[in-house]
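Just model.json here, JSON, C-alpha atoms:
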```json
[["chain", "number", "residue", "atom", "x", "y", "z"],
["A", 1, "MET", "CA", 0.00, 0.00, 0.00],
["A", 2, "SER", "CA", 1.38, 3.41, -0.89],
["A", 3, "ILE", "CA", 0.64, 6.58, 1.04],
["A", 4, "ALA", "CA", 0.85, 9.95, -0.68],
["A", 5, "MET", "CA", 2.63, 12.50, 1.49],
["A", 6, "LYS", "CA", 3.47, 16.11, 0.98],
["A", 7, "THR", "CA", 7.09, 16.58, 1.94],
["A", 8, "THR", "CA", 9.33, 19.58, 2.14],
["A", 9, "ALA", "CA", 12.96, 19.38, 3.18],
["A", 10, "ARG", "CA", 15.31, 21.90, 4.76],
["A", 11, "ARG", "CA", 19.05, 21.42, 5.29],
["A", 12, "GLU", "CA", 21.64, 22.63, 7.75],
["A", 13, "LEU", "CA", 25.13, 21.91, 6.42],
["A", 14, "VAL", "CA", 28.39, 22.09, 8.39],
["A", 15, "ARG", "CA", 31.89, 21.39, 7.13],
["A", 16, "LEU", "CA", 34.86, 21.88, 9.46],
["A", 17, "THR", "CA", 38.32, 20.32, 9.53],
["A", 18, "ASP", "CA", 37.31, 17.29, 11.59],
["A", 19, "VAL", "CA", 33.51, 17.69, 11.79],
["A", 20, "ALA", "CA", 30.96, 17.04, 9.05],
["A", 21, "GLY", "CA", 27.29, 17.56, 9.78],
["A", 22, "ASP", "CA", 24.13, 17.65, 7.71],
["A", 23, "SER", "CA", 20.43, 17.69, 8.49],
["A", 24, "VAL", "CA", 17.17, 16.98, 6.72],
["A", 25, "SER", "CA", 13.72, 18.17, 7.80],
["A", 26, "LYS", "CA", 10.52, 16.99, 6.10],
["A", 27, "ARG", "CA", 6.98, 18.20, 6.64],
["A", 28, "GLY", "CA", 5.07, 15.03, 5.91],
["A", 29, "LEU", "CA", 1.33, 15.34, 6.66],
["A", 30, "ARG", "CA", 1.49, 18.43, 8.87],
["A", 31, "ALA", "CA", 0.15, 21.78, 7.65],
["A", 32, "ILE", "CA", 3.49, 23.44, 8.45],
["A", 33, "ASN", "CA", 6.98, 22.26, 9.28],
["A", 34, "ALA", "CA", 7.57, 23.55, 12.80],
["A", 35, "ASP", "CA", 10.91, 21.74, 13.22],
["A", 36, "ALA", "CA", 14.18, 23.64, 12.95],
["A", 37, "THR", "CA", 17.92, 23.00, 12.93],
["A", 38, "ALA", "CA", 20.92, 25.24, 13.50],
["A", 39, "SER", "CA", 24.66, 25.09, 14.00],
["A", 40, "HIS", "CA", 27.28, 27.59, 15.04],
["A", 41, "THR", "CA", 31.04, 27.61, 15.57],
["A", 42, "ASP", "CA", 32.42, 30.09, 18.10],
["A", 43, "TYR", "CA", 35.90, 30.98, 16.97],
["A", 44, "ARG", "CA", 36.77, 32.37, 20.41],
["A", 45, "THR", "CA", 36.19, 29.01, 22.12],
["A", 46, "GLY", "CA", 36.68, 26.74, 19.10],
["A", 47, "ARG", "CA", 33.51, 24.84, 20.02],
["A", 48, "THR", "CA", 30.68, 23.99, 17.64],
["A", 49, "ALA", "CA", 27.04, 23.66, 18.66],
["A", 50, "PHE", "CA", 24.39, 21.66, 16.81],
["A", 51, "VAL", "CA", 20.67, 22.07, 17.56],
["A", 52, "VAL", "CA", 17.38, 20.42, 16.66],
["A", 53, "ALA", "CA", 14.15, 22.08, 17.79],
["A", 54, "ASP", "CA", 10.53, 20.91, 17.55],
["A", 55, "GLY", "CA", 7.87, 23.60, 17.69],
["A", 56, "VAL", "CA", 4.91, 22.81, 19.94],
["A", 57, "GLY", "CA", 1.89, 22.68, 17.66],
["A", 58, "ASP", "CA", 1.10, 22.83, 13.95],
["A", 59, "HIS", "CA", 1.02, 26.59, 13.40],
["A", 60, "LEU", "CA", 3.25, 29.46, 12.32],
["A", 61, "LEU", "CA", 4.09, 30.63, 15.85],
["A", 62, "ALA", "CA", 5.45, 27.18, 16.69],
["A", 63, "ALA", "CA", 7.67, 27.27, 13.60],
["A", 64, "ARG", "CA", 8.94, 30.76, 14.42],
["A", 65, "ALA", "CA", 9.61, 29.76, 18.01],
["A", 66, "ALA", "CA", 11.57, 26.67, 16.93],
["A", 67, "ARG", "CA", 13.71, 28.58, 14.45],
["A", 68, "THR", "CA", 14.41, 31.37, 16.92],
["A", 69, "ALA", "CA", 15.22, 28.97, 19.75],
["A", 70, "ALA", "CA", 17.51, 26.86, 17.53],
["A", 71, "ALA", "CA", 19.49, 29.84, 16.26],
["A", 72, "ILE", "CA", 19.99, 31.42, 19.70],
["A", 73, "ALA", "CA", 20.78, 28.12, 21.42],
["A", 74, "ALA", "CA", 23.44, 27.32, 18.82],
["A", 75, "ARG", "CA", 25.13, 30.72, 19.02],
["A", 76, "VAL", "CA", 25.15, 30.98, 22.82],
["A", 77, "GLY", "CA", 25.75, 27.27, 23.37],
["A", 78, "ALA", "CA", 28.95, 27.25, 21.31],
["A", 79, "HIS", "CA", 30.33, 29.99, 23.53],
["A", 80, "SER", "CA", 28.88, 29.27, 26.97],
["A", 81, "GLY", "CA", 27.70, 25.65, 27.00],
["A", 82, "ALA", "CA", 24.62, 23.66, 26.06],
["A", 83, "ALA", "CA", 22.41, 24.52, 29.04],
["A", 84, "ALA", "CA", 23.27, 28.22, 28.72],
["A", 85, "GLY", "CA", 22.13, 27.99, 25.11],
["A", 86, "ILE", "CA", 18.68, 26.77, 26.18],
["A", 87, "LEU", "CA", 18.32, 29.51, 28.79],
["A", 88, "ALA", "CA", 19.32, 32.16, 26.24],
["A", 89, "ALA", "CA", 16.75, 30.75, 23.82],
["A", 90, "GLN", "CA", 14.14, 30.98, 26.57],
["A", 91, "GLN", "CA", 14.91, 34.65, 27.17],
["A", 92, "GLU", "CA", 14.63, 35.38, 23.45],
["A", 93, "LEU", "CA", 11.28, 33.59, 23.12],
["A", 94, "LEU", "CA", 9.87, 35.51, 26.06],
["A", 95, "ARG", "CA", 11.17, 38.77, 24.60],
["A", 96, "GLN", "CA", 9.97, 38.24, 21.03],
["A", 97, "PHE", "CA", 6.74, 36.33, 21.46],
["A", 98, "PRO", "CA", 4.14, 37.28, 24.10],
["A", 99, "GLU", "CA", 1.90, 34.43, 22.95],
["A", 100, "PRO", "CA", 2.32, 31.34, 25.21],
["A", 101, "LYS", "CA", 1.84, 28.99, 22.26],
["A", 102, "ALA", "CA", 5.13, 30.18, 20.73],
["A", 103, "ASP", "CA", 7.12, 27.32, 22.24],
["A", 104, "SER", "CA", 9.48, 24.49, 21.38],
["A", 105, "ALA", "CA", 11.24, 21.35, 22.52],
["A", 106, "LEU", "CA", 15.00, 21.35, 21.84],
["A", 107, "VAL", "CA", 18.21, 19.35, 22.03],
["A", 108, "ILE", "CA", 21.70, 20.88, 21.71],
["A", 109, "ALA", "CA", 25.08, 19.19, 21.42],
["A", 110, "VAL", "CA", 28.29, 21.21, 21.86],
["A", 111, "LEU", "CA", 31.46, 19.56, 20.57],
["A", 112, "PRO", "CA", 34.87, 20.57, 21.93],
["A", 113, "THR", "CA", 37.73, 22.25, 20.12],
["A", 114, "THR", "CA", 39.88, 20.44, 17.60],
["A", 115, "GLU", "CA", 42.70, 20.49, 20.16],
["A", 116, "CYS", "CA", 40.46, 18.38, 22.44],
["A", 117, "ALA", "CA", 39.01, 16.24, 19.68],
["A", 118, "ASN", "CA", 38.43, 13.23, 21.91],
["A", 119, "GLY", "CA", 37.01, 15.27, 24.78],
["A", 120, "PRO", "CA", 33.43, 14.96, 26.03],
["A", 121, "GLY", "CA", 30.46, 16.46, 24.22],
["A", 122, "ASP", "CA", 28.14, 18.74, 26.19],
["A", 123, "ILE", "CA", 24.45, 17.82, 25.73],
["A", 124, "ALA", "CA", 21.33, 19.58, 27.03],
["A", 125, "TRP", "CA", 17.65, 19.18, 26.19],
["A", 126, "VAL", "CA", 14.03, 19.97, 27.00],
["A", 127, "GLY", "CA", 11.01, 18.01, 25.83],
["A", 128, "ASP", "CA", 11.32, 14.90, 23.68],
["A", 129, "CYS", "CA", 14.01, 15.76, 21.12],
["A", 130, "ARG", "CA", 16.80, 13.19, 21.42],
["A", 131, "ALA", "CA", 20.55, 12.77, 21.02],
["A", 132, "TYR", "CA", 22.23, 9.47, 20.15],
["A", 133, "ARG", "CA", 25.91, 8.57, 19.74],
["A", 134, "TRP", "CA", 27.27, 5.74, 17.60],
["A", 135, "ASN", "CA", 30.89, 4.91, 18.46],
["A", 136, "GLY", "CA", 31.37, 2.23, 15.81],
["A", 137, "ARG", "CA", 30.25, -0.60, 18.10],
["A", 138, "THR", "CA", 27.24, 0.47, 20.14],
["A", 139, "LEU", "CA", 24.43, 3.01, 19.87],
["A", 140, "HIS", "CA", 23.83, 5.03, 23.02],
["A", 141, "GLN", "CA", 20.72, 7.14, 23.61],
["A", 142, "ILE", "CA", 22.14, 10.09, 25.53],
["A", 143, "THR", "CA", 18.92, 11.89, 26.39],
["A", 144, "THR", "CA", 15.85, 10.84, 28.37],
["A", 145, "ASP", "CA", 12.50, 12.14, 27.14],
["A", 146, "HIS", "CA", 10.85, 14.78, 29.28],
["A", 147, "THR", "CA", 7.36, 13.36, 28.80],
["A", 148, "LEU", "CA", 4.51, 12.37, 31.09],
["A", 149, "ALA", "CA", 4.99, 8.75, 30.04],
["A", 150, "GLU", "CA", 8.65, 8.73, 31.05],
["A", 151, "TYR", "CA", 7.78, 10.46, 34.34],
["A", 152, "LEU", "CA", 5.31, 7.65, 35.14],
["A", 153, "ARG", "CA", 7.72, 4.87, 34.09],
["A", 154, "LEU", "CA", 10.41, 6.20, 36.42],
["A", 155, "ARG", "CA", 7.90, 5.81, 39.26],
["A", 156, "GLY", "CA", 6.98, 2.23, 38.36],
["A", 157, "LEU", "CA", 3.65, 3.10, 36.74],
["A", 158, "GLU", "CA", 2.37, 1.97, 33.35],
["A", 159, "PRO", "CA", 1.56, 5.01, 31.18],
["A", 160, "GLU", "CA", -1.15, 5.25, 28.57],
["A", 161, "PRO", "CA", 0.22, 5.45, 25.01],
["A", 162, "ARG", "CA", -0.91, 9.03, 24.45],
["A", 163, "THR", "CA", 1.22, 10.26, 27.36],
["A", 164, "ASP", "CA", 4.34, 9.68, 25.26],
["A", 165, "HIS", "CA", 3.35, 12.85, 23.38],
["A", 166, "ILE", "CA", 2.80, 15.05, 26.45],
["A", 167, "ILE", "CA", 6.07, 16.87, 27.14],
["A", 168, "THR", "CA", 6.81, 18.17, 30.63],
["A", 169, "THR", "CA", 9.49, 20.75, 29.77],
["A", 170, "THR", "CA", 9.76, 23.28, 26.95],
["A", 171, "VAL", "CA", 12.12, 26.09, 26.04],
["A", 172, "ARG", "CA", 9.58, 28.66, 27.19],
["A", 173, "THR", "CA", 8.67, 27.12, 30.55],
["A", 174, "VAL", "CA", 11.70, 25.14, 31.80],
["A", 175, "ARG", "CA", 13.45, 26.11, 35.02],
["A", 176, "PRO", "CA", 17.26, 25.87, 35.04],
["A", 177, "GLU", "CA", 17.28, 22.83, 37.33],
["A", 178, "GLN", "CA", 14.84, 20.99, 35.01],
["A", 179, "ILE", "CA", 17.07, 21.13, 31.93],
["A", 180, "GLY", "CA", 18.30, 17.69, 30.93],
["A", 181, "ARG", "CA", 22.10, 17.52, 30.90],
["A", 182, "ALA", "CA", 24.65, 14.90, 29.93],
["A", 183, "ASN", "CA", 28.23, 14.53, 28.76],
["A", 184, "THR", "CA", 29.49, 12.00, 26.25],
["A", 185, "GLY", "CA", 32.62, 10.07, 27.12],
["A", 186, "SER", "CA", 34.13, 11.10, 23.78],
["A", 187, "SER", "CA", 33.12, 13.32, 20.89],
["A", 188, "ASN", "CA", 34.55, 11.01, 18.25],
["A", 189, "GLY", "CA", 32.13, 8.93, 16.20],
["A", 190, "ARG", "CA", 28.70, 9.77, 14.83],
["A", 191, "MET", "CA", 25.96, 11.70, 16.61],
["A", 192, "LEU", "CA", 22.26, 11.94, 15.77],
["A", 193, "LEU", "CA", 19.91, 14.68, 16.95],
["A", 194, "SER", "CA", 16.26, 14.03, 16.08],
["A", 195, "THR", "CA", 12.69, 15.13, 16.67],
["A", 196, "ASP", "CA", 10.06, 12.70, 17.88],
["A", 197, "GLY", "CA", 8.65, 12.41, 14.38],
["A", 198, "VAL", "CA", 11.72, 10.29, 13.64],
["A", 199, "HIS", "CA", 12.62, 8.33, 16.76],
["A", 200, "LYS", "CA", 9.07, 7.46, 17.86],
["A", 201, "LEU", "CA", 8.46, 5.67, 14.55],
["A", 202, "VAL", "CA", 11.88, 4.28, 13.63],
["A", 203, "ASP", "CA", 12.96, 1.50, 15.99],
["A", 204, "ILE", "CA", 16.38, 1.50, 17.61],
["A", 205, "VAL", "CA", 17.69, -1.33, 15.42],
["A", 206, "ALA", "CA", 16.90, 0.61, 12.25],
["A", 207, "VAL", "CA", 18.47, 3.76, 13.69],
["A", 208, "LYS", "CA", 21.63, 1.81, 14.50],
["A", 209, "ASP", "CA", 21.77, 0.21, 11.05],
["A", 210, "LEU", "CA", 21.45, 3.56, 9.28],
["A", 211, "LEU", "CA", 24.04, 5.27, 11.47],
["A", 212, "ALA", "CA", 26.45, 2.35, 11.03],
["A", 213, "ALA", "CA", 26.13, 2.32, 7.24],
["A", 214, "ASP", "CA", 28.95, 3.90, 5.26],
["A", 215, "LYS", "CA", 26.91, 6.85, 4.03],
["A", 216, "SER", "CA", 27.37, 10.61, 4.29],
["A", 217, "PRO", "CA", 25.63, 12.61, 7.04],
["A", 218, "ARG", "CA", 23.31, 14.03, 4.39],
["A", 219, "ASP", "CA", 22.27, 10.63, 3.03],
["A", 220, "THR", "CA", 21.90, 9.19, 6.54],
["A", 221, "ALA", "CA", 19.73, 12.07, 7.75],
["A", 222, "ASP", "CA", 17.58, 11.82, 4.62],
["A", 223, "ALA", "CA", 17.18, 8.05, 5.08],
["A", 224, "LEU", "CA", 16.09, 8.46, 8.71],
["A", 225, "ALA", "CA", 13.53, 11.18, 7.93],
["A", 226, "ASP", "CA", 12.21, 9.27, 4.93],
["A", 227, "LEU", "CA", 11.95, 5.95, 6.80],
["A", 228, "ALA", "CA", 9.91, 7.63, 9.55],
["A", 229, "LEU", "CA", 7.44, 8.94, 6.97],
["A", 230, "ARG", "CA", 7.22, 5.58, 5.23],
["A", 231, "THR", "CA", 6.68, 3.88, 8.60],
["A", 232, "GLY", "CA", 3.63, 6.05, 9.23],
["A", 233, "SER", "CA", 4.80, 9.24, 10.92],
["A", 234, "ARG", "CA", 2.29, 12.06, 10.56],
["A", 235, "ASP", "CA", 4.63, 14.51, 12.26],
["A", 236, "ASN", "CA", 7.50, 16.56, 10.91],
["A", 237, "THR", "CA", 10.60, 14.41, 10.65],
["A", 238, "THR", "CA", 14.00, 15.99, 11.32],
["A", 239, "ALA", "CA", 17.41, 14.36, 11.70],
["A", 240, "PHE", "CA", 20.82, 16.03, 12.16],
["A", 241, "VAL", "CA", 23.78, 13.68, 11.69],
["A", 242, "ILE", "CA", 27.24, 14.82, 12.82],
["A", 243, "ASP", "CA", 30.51, 12.96, 12.20],
["A", 244, "ARG", "CA", 33.54, 13.74, 14.37],
["A", 245, "ARG", "CA", 36.75, 12.15, 13.10]]
```

The structure in this file should be written as structure tokens.
Amino acid sequence: MSIAMKTTARRELVRLTDVAGDSVSKRGLRAINADATASHTDYRTGRTAFVVADGVGDHLLAARAARTAAAIAARVGAHSGAAAGILAAQQELLRQFPEPKADSALVIAVLPTTECANGPGDIAWVGDCRAYRWNGRTLHQITTDHTLAEYLRLRGLEPEPRTDHIITTTVRTVRPEQIGRANTGSSNGRMLLSTDGVHKLVDIVAVKDLLAADKSPRDTADALADLALRTGSRDNTTAFVIDRR
């Protein structure tokens, strides 16, 4: 059975000496693509930040909020760290958009300087955007979803399926102590940042197989977004794949 889908794609391309990153974002069956990606290298610190944001809702304000949050988080995160990037994005959303529905989930990964190529990556997130790292042997999900379902699971309760889509933190509303934070043991390897339109439809085995394949970041990101749509995702599908050699 074939399903006709309207798709639009946006790209965020990065090429540095030892870092290659590329993203693909597809609209699918939504009225508007409210996902966003961004990257920024701070030449004072030498760090590079990569961001994926998922606007809350299927409307223009959600898309504007996601794009604004992604751009600010990348710029500030590369200089001051991943969590600082989220807090700066929050301040900008509150300044620019009085409407409460201008909001977004977000994940940011800050990679260290080339002089510390094997140093840890700095990860921060709100909502249900995710970060994964493939080290050539194993796939590690770095983030933990900030959803009602995950909140209930951590307390030994069985959540209803719909609660997987109810996020408990957003860029607009999160308090500093609620921001999800993690460090990777090394920045070498391949990293994936994705919105829930991808990882809630594509199982972990398929994610691992695509990341492990000898394909470019662009082709890998496109394959992930496309597979999610073919698997039945009705949401926007966005994947940012970063290689650190």

Please produce, as CSV, a per-residue contact table for stretch 76-169 of chain A versus stretch 184-198 of chain A (criterion: any atom at most 6 Å away, all atoms listed in the file considered), showing the nearest atom pair and its distance in Å to one decimal, sorted by chain then residue number.
```
residue,atom,partner,partner_atom,distance
A:Asn118,CA,A:Ser186,CA,5.2
A:Gly119,CA,A:Ser186,CA,5.2
A:Pro120,CA,A:Ser186,CA,4.5
A:Gly121,CA,A:Thr184,CA,5.0
A:Cys129,CA,A:Thr195,CA,4.7
A:Arg130,CA,A:Ser194,CA,5.4
A:Ala131,CA,A:Leu193,CA,4.5
A:Tyr132,CA,A:Leu192,CA,5.0
A:Arg133,CA,A:Met191,CA,4.4
A:Trp134,CA,A:Arg190,CA,5.1
A:Asn135,CA,A:Gly189,CA,4.8
```

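Here atom CA of A:Ala70 is placed at a distance of 5.5 Å from atom CA of A:Ala38.
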
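The residue that comes closest to A:Tyr43, out of A:Ala78, A:Ser25, A:Asp203, A:Asp103 and on the basis of all atoms listed in the file, is A:Ala78.
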
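Nearest-residue note for A:Pro176: choosing from A:Leu154, A:Val51, A:Ala124, A:Leu111, the minimum distance belongs to A:Ala124, counting only C-alpha atoms.
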
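Between atom CA of A:Asp22 and atom CA of A:Thr238 lies a distance of 10.9 Å.
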
Can you spit out stretch 107-178 of chain A with C-alpha atoms, as an mmCIF file, in the first residue's frame, from the structure just given?
```cif
data_model
loop_
_atom_site.group_PDB
_atom_site.id
_atom_site.type_symbol
_atom_site.label_atom_id
_atom_site.label_comp_id
_atom_site.auth_asym_id
_atom_site.auth_seq_id
_atom_site.Cartn_x
_atom_site.Cartn_y
_atom_site.Cartn_z
ATOM 1 C CA VAL A 107 18.210 19.353 22.026
ATOM 2 C CA ILE A 108 21.695 20.879 21.715
ATOM 3 C CA ALA A 109 25.081 19.188 21.420
ATOM 4 C CA VAL A 110 28.285 21.207 21.857
ATOM 5 C CA LEU A 111 31.462 19.556 20.569
ATOM 6 C CA PRO A 112 34.873 20.572 21.928
ATOM 7 C CA THR A 113 37.729 22.254 20.117
ATOM 8 C CA THR A 114 39.881 20.436 17.605
ATOM 9 C CA GLU A 115 42.696 20.485 20.159
ATOM 10 C CA CYS A 116 40.464 18.380 22.440
ATOM 11 C CA ALA A 117 39.013 16.237 19.681
ATOM 12 C CA ASN A 118 38.434 13.232 21.907
ATOM 13 C CA GLY A 119 37.012 15.271 24.781
ATOM 14 C CA PRO A 120 33.430 14.965 26.034
ATOM 15 C CA GLY A 121 30.463 16.458 24.222
ATOM 16 C CA ASP A 122 28.142 18.736 26.192
ATOM 17 C CA ILE A 123 24.449 17.825 25.730
ATOM 18 C CA ALA A 124 21.332 19.577 27.029
ATOM 19 C CA TRP A 125 17.652 19.184 26.186
ATOM 20 C CA VAL A 126 14.035 19.968 27.002
ATOM 21 C CA GLY A 127 11.006 18.015 25.828
ATOM 22 C CA ASP A 128 11.315 14.902 23.679
ATOM 23 C CA CYS A 129 14.009 15.762 21.124
ATOM 24 C CA ARG A 130 16.797 13.193 21.416
ATOM 25 C CA ALA A 131 20.550 12.774 21.023
ATOM 26 C CA TYR A 132 22.234 9.467 20.152
ATOM 27 C CA ARG A 133 25.910 8.571 19.737
ATOM 28 C CA TRP A 134 27.275 5.739 17.596
ATOM 29 C CA ASN A 135 30.893 4.906 18.460
ATOM 30 C CA GLY A 136 31.368 2.228 15.812
ATOM 31 C CA ARG A 137 30.255 -0.600 18.102
ATOM 32 C CA THR A 138 27.238 0.465 20.139
ATOM 33 C CA LEU A 139 24.433 3.011 19.871
ATOM 34 C CA HIS A 140 23.828 5.031 23.023
ATOM 35 C CA GLN A 141 20.716 7.138 23.609
ATOM 36 C CA ILE A 142 22.143 10.091 25.532
ATOM 37 C CA THR A 143 18.917 11.891 26.390
ATOM 38 C CA THR A 144 15.854 10.839 28.372
ATOM 39 C CA ASP A 145 12.501 12.140 27.136
ATOM 40 C CA HIS A 146 10.846 14.782 29.276
ATOM 41 C CA THR A 147 7.357 13.364 28.799
ATOM 42 C CA LEU A 148 4.514 12.373 31.091
ATOM 43 C CA ALA A 149 4.988 8.750 30.036
ATOM 44 C CA GLU A 150 8.654 8.732 31.052
ATOM 45 C CA TYR A 151 7.779 10.457 34.339
ATOM 46 C CA LEU A 152 5.311 7.655 35.140
ATOM 47 C CA ARG A 153 7.716 4.874 34.088
ATOM 48 C CA LEU A 154 10.407 6.197 36.417
ATOM 49 C CA ARG A 155 7.899 5.810 39.257
ATOM 50 C CA GLY A 156 6.977 2.228 38.358
ATOM 51 C CA LEU A 157 3.651 3.104 36.737
ATOM 52 C CA GLU A 158 2.370 1.975 33.348
ATOM 53 C CA PRO A 159 1.563 5.013 31.182
ATOM 54 C CA GLU A 160 -1.154 5.247 28.570
ATOM 55 C CA PRO A 161 0.216 5.452 25.013
ATOM 56 C CA ARG A 162 -0.913 9.034 24.453
ATOM 57 C CA THR A 163 1.217 10.257 27.363
ATOM 58 C CA ASP A 164 4.339 9.685 25.255
ATOM 59 C CA HIS A 165 3.350 12.847 23.381
ATOM 60 C CA ILE A 166 2.805 15.050 26.446
ATOM 61 C CA ILE A 167 6.070 16.871 27.143
ATOM 62 C CA THR A 168 6.810 18.172 30.625
ATOM 63 C CA THR A 169 9.494 20.755 29.772
ATOM 64 C CA THR A 170 9.763 23.277 26.949
ATOM 65 C CA VAL A 171 12.119 26.090 26.040
ATOM 66 C CA ARG A 172 9.581 28.663 27.187
ATOM 67 C CA THR A 173 8.670 27.123 30.554
ATOM 68 C CA VAL A 174 11.702 25.142 31.799
ATOM 69 C CA ARG A 175 13.453 26.110 35.023
ATOM 70 C CA PRO A 176 17.256 25.870 35.039
ATOM 71 C CA GLU A 177 17.275 22.835 37.325
ATOM 72 C CA GLN A 178 14.845 20.992 35.008
#
```
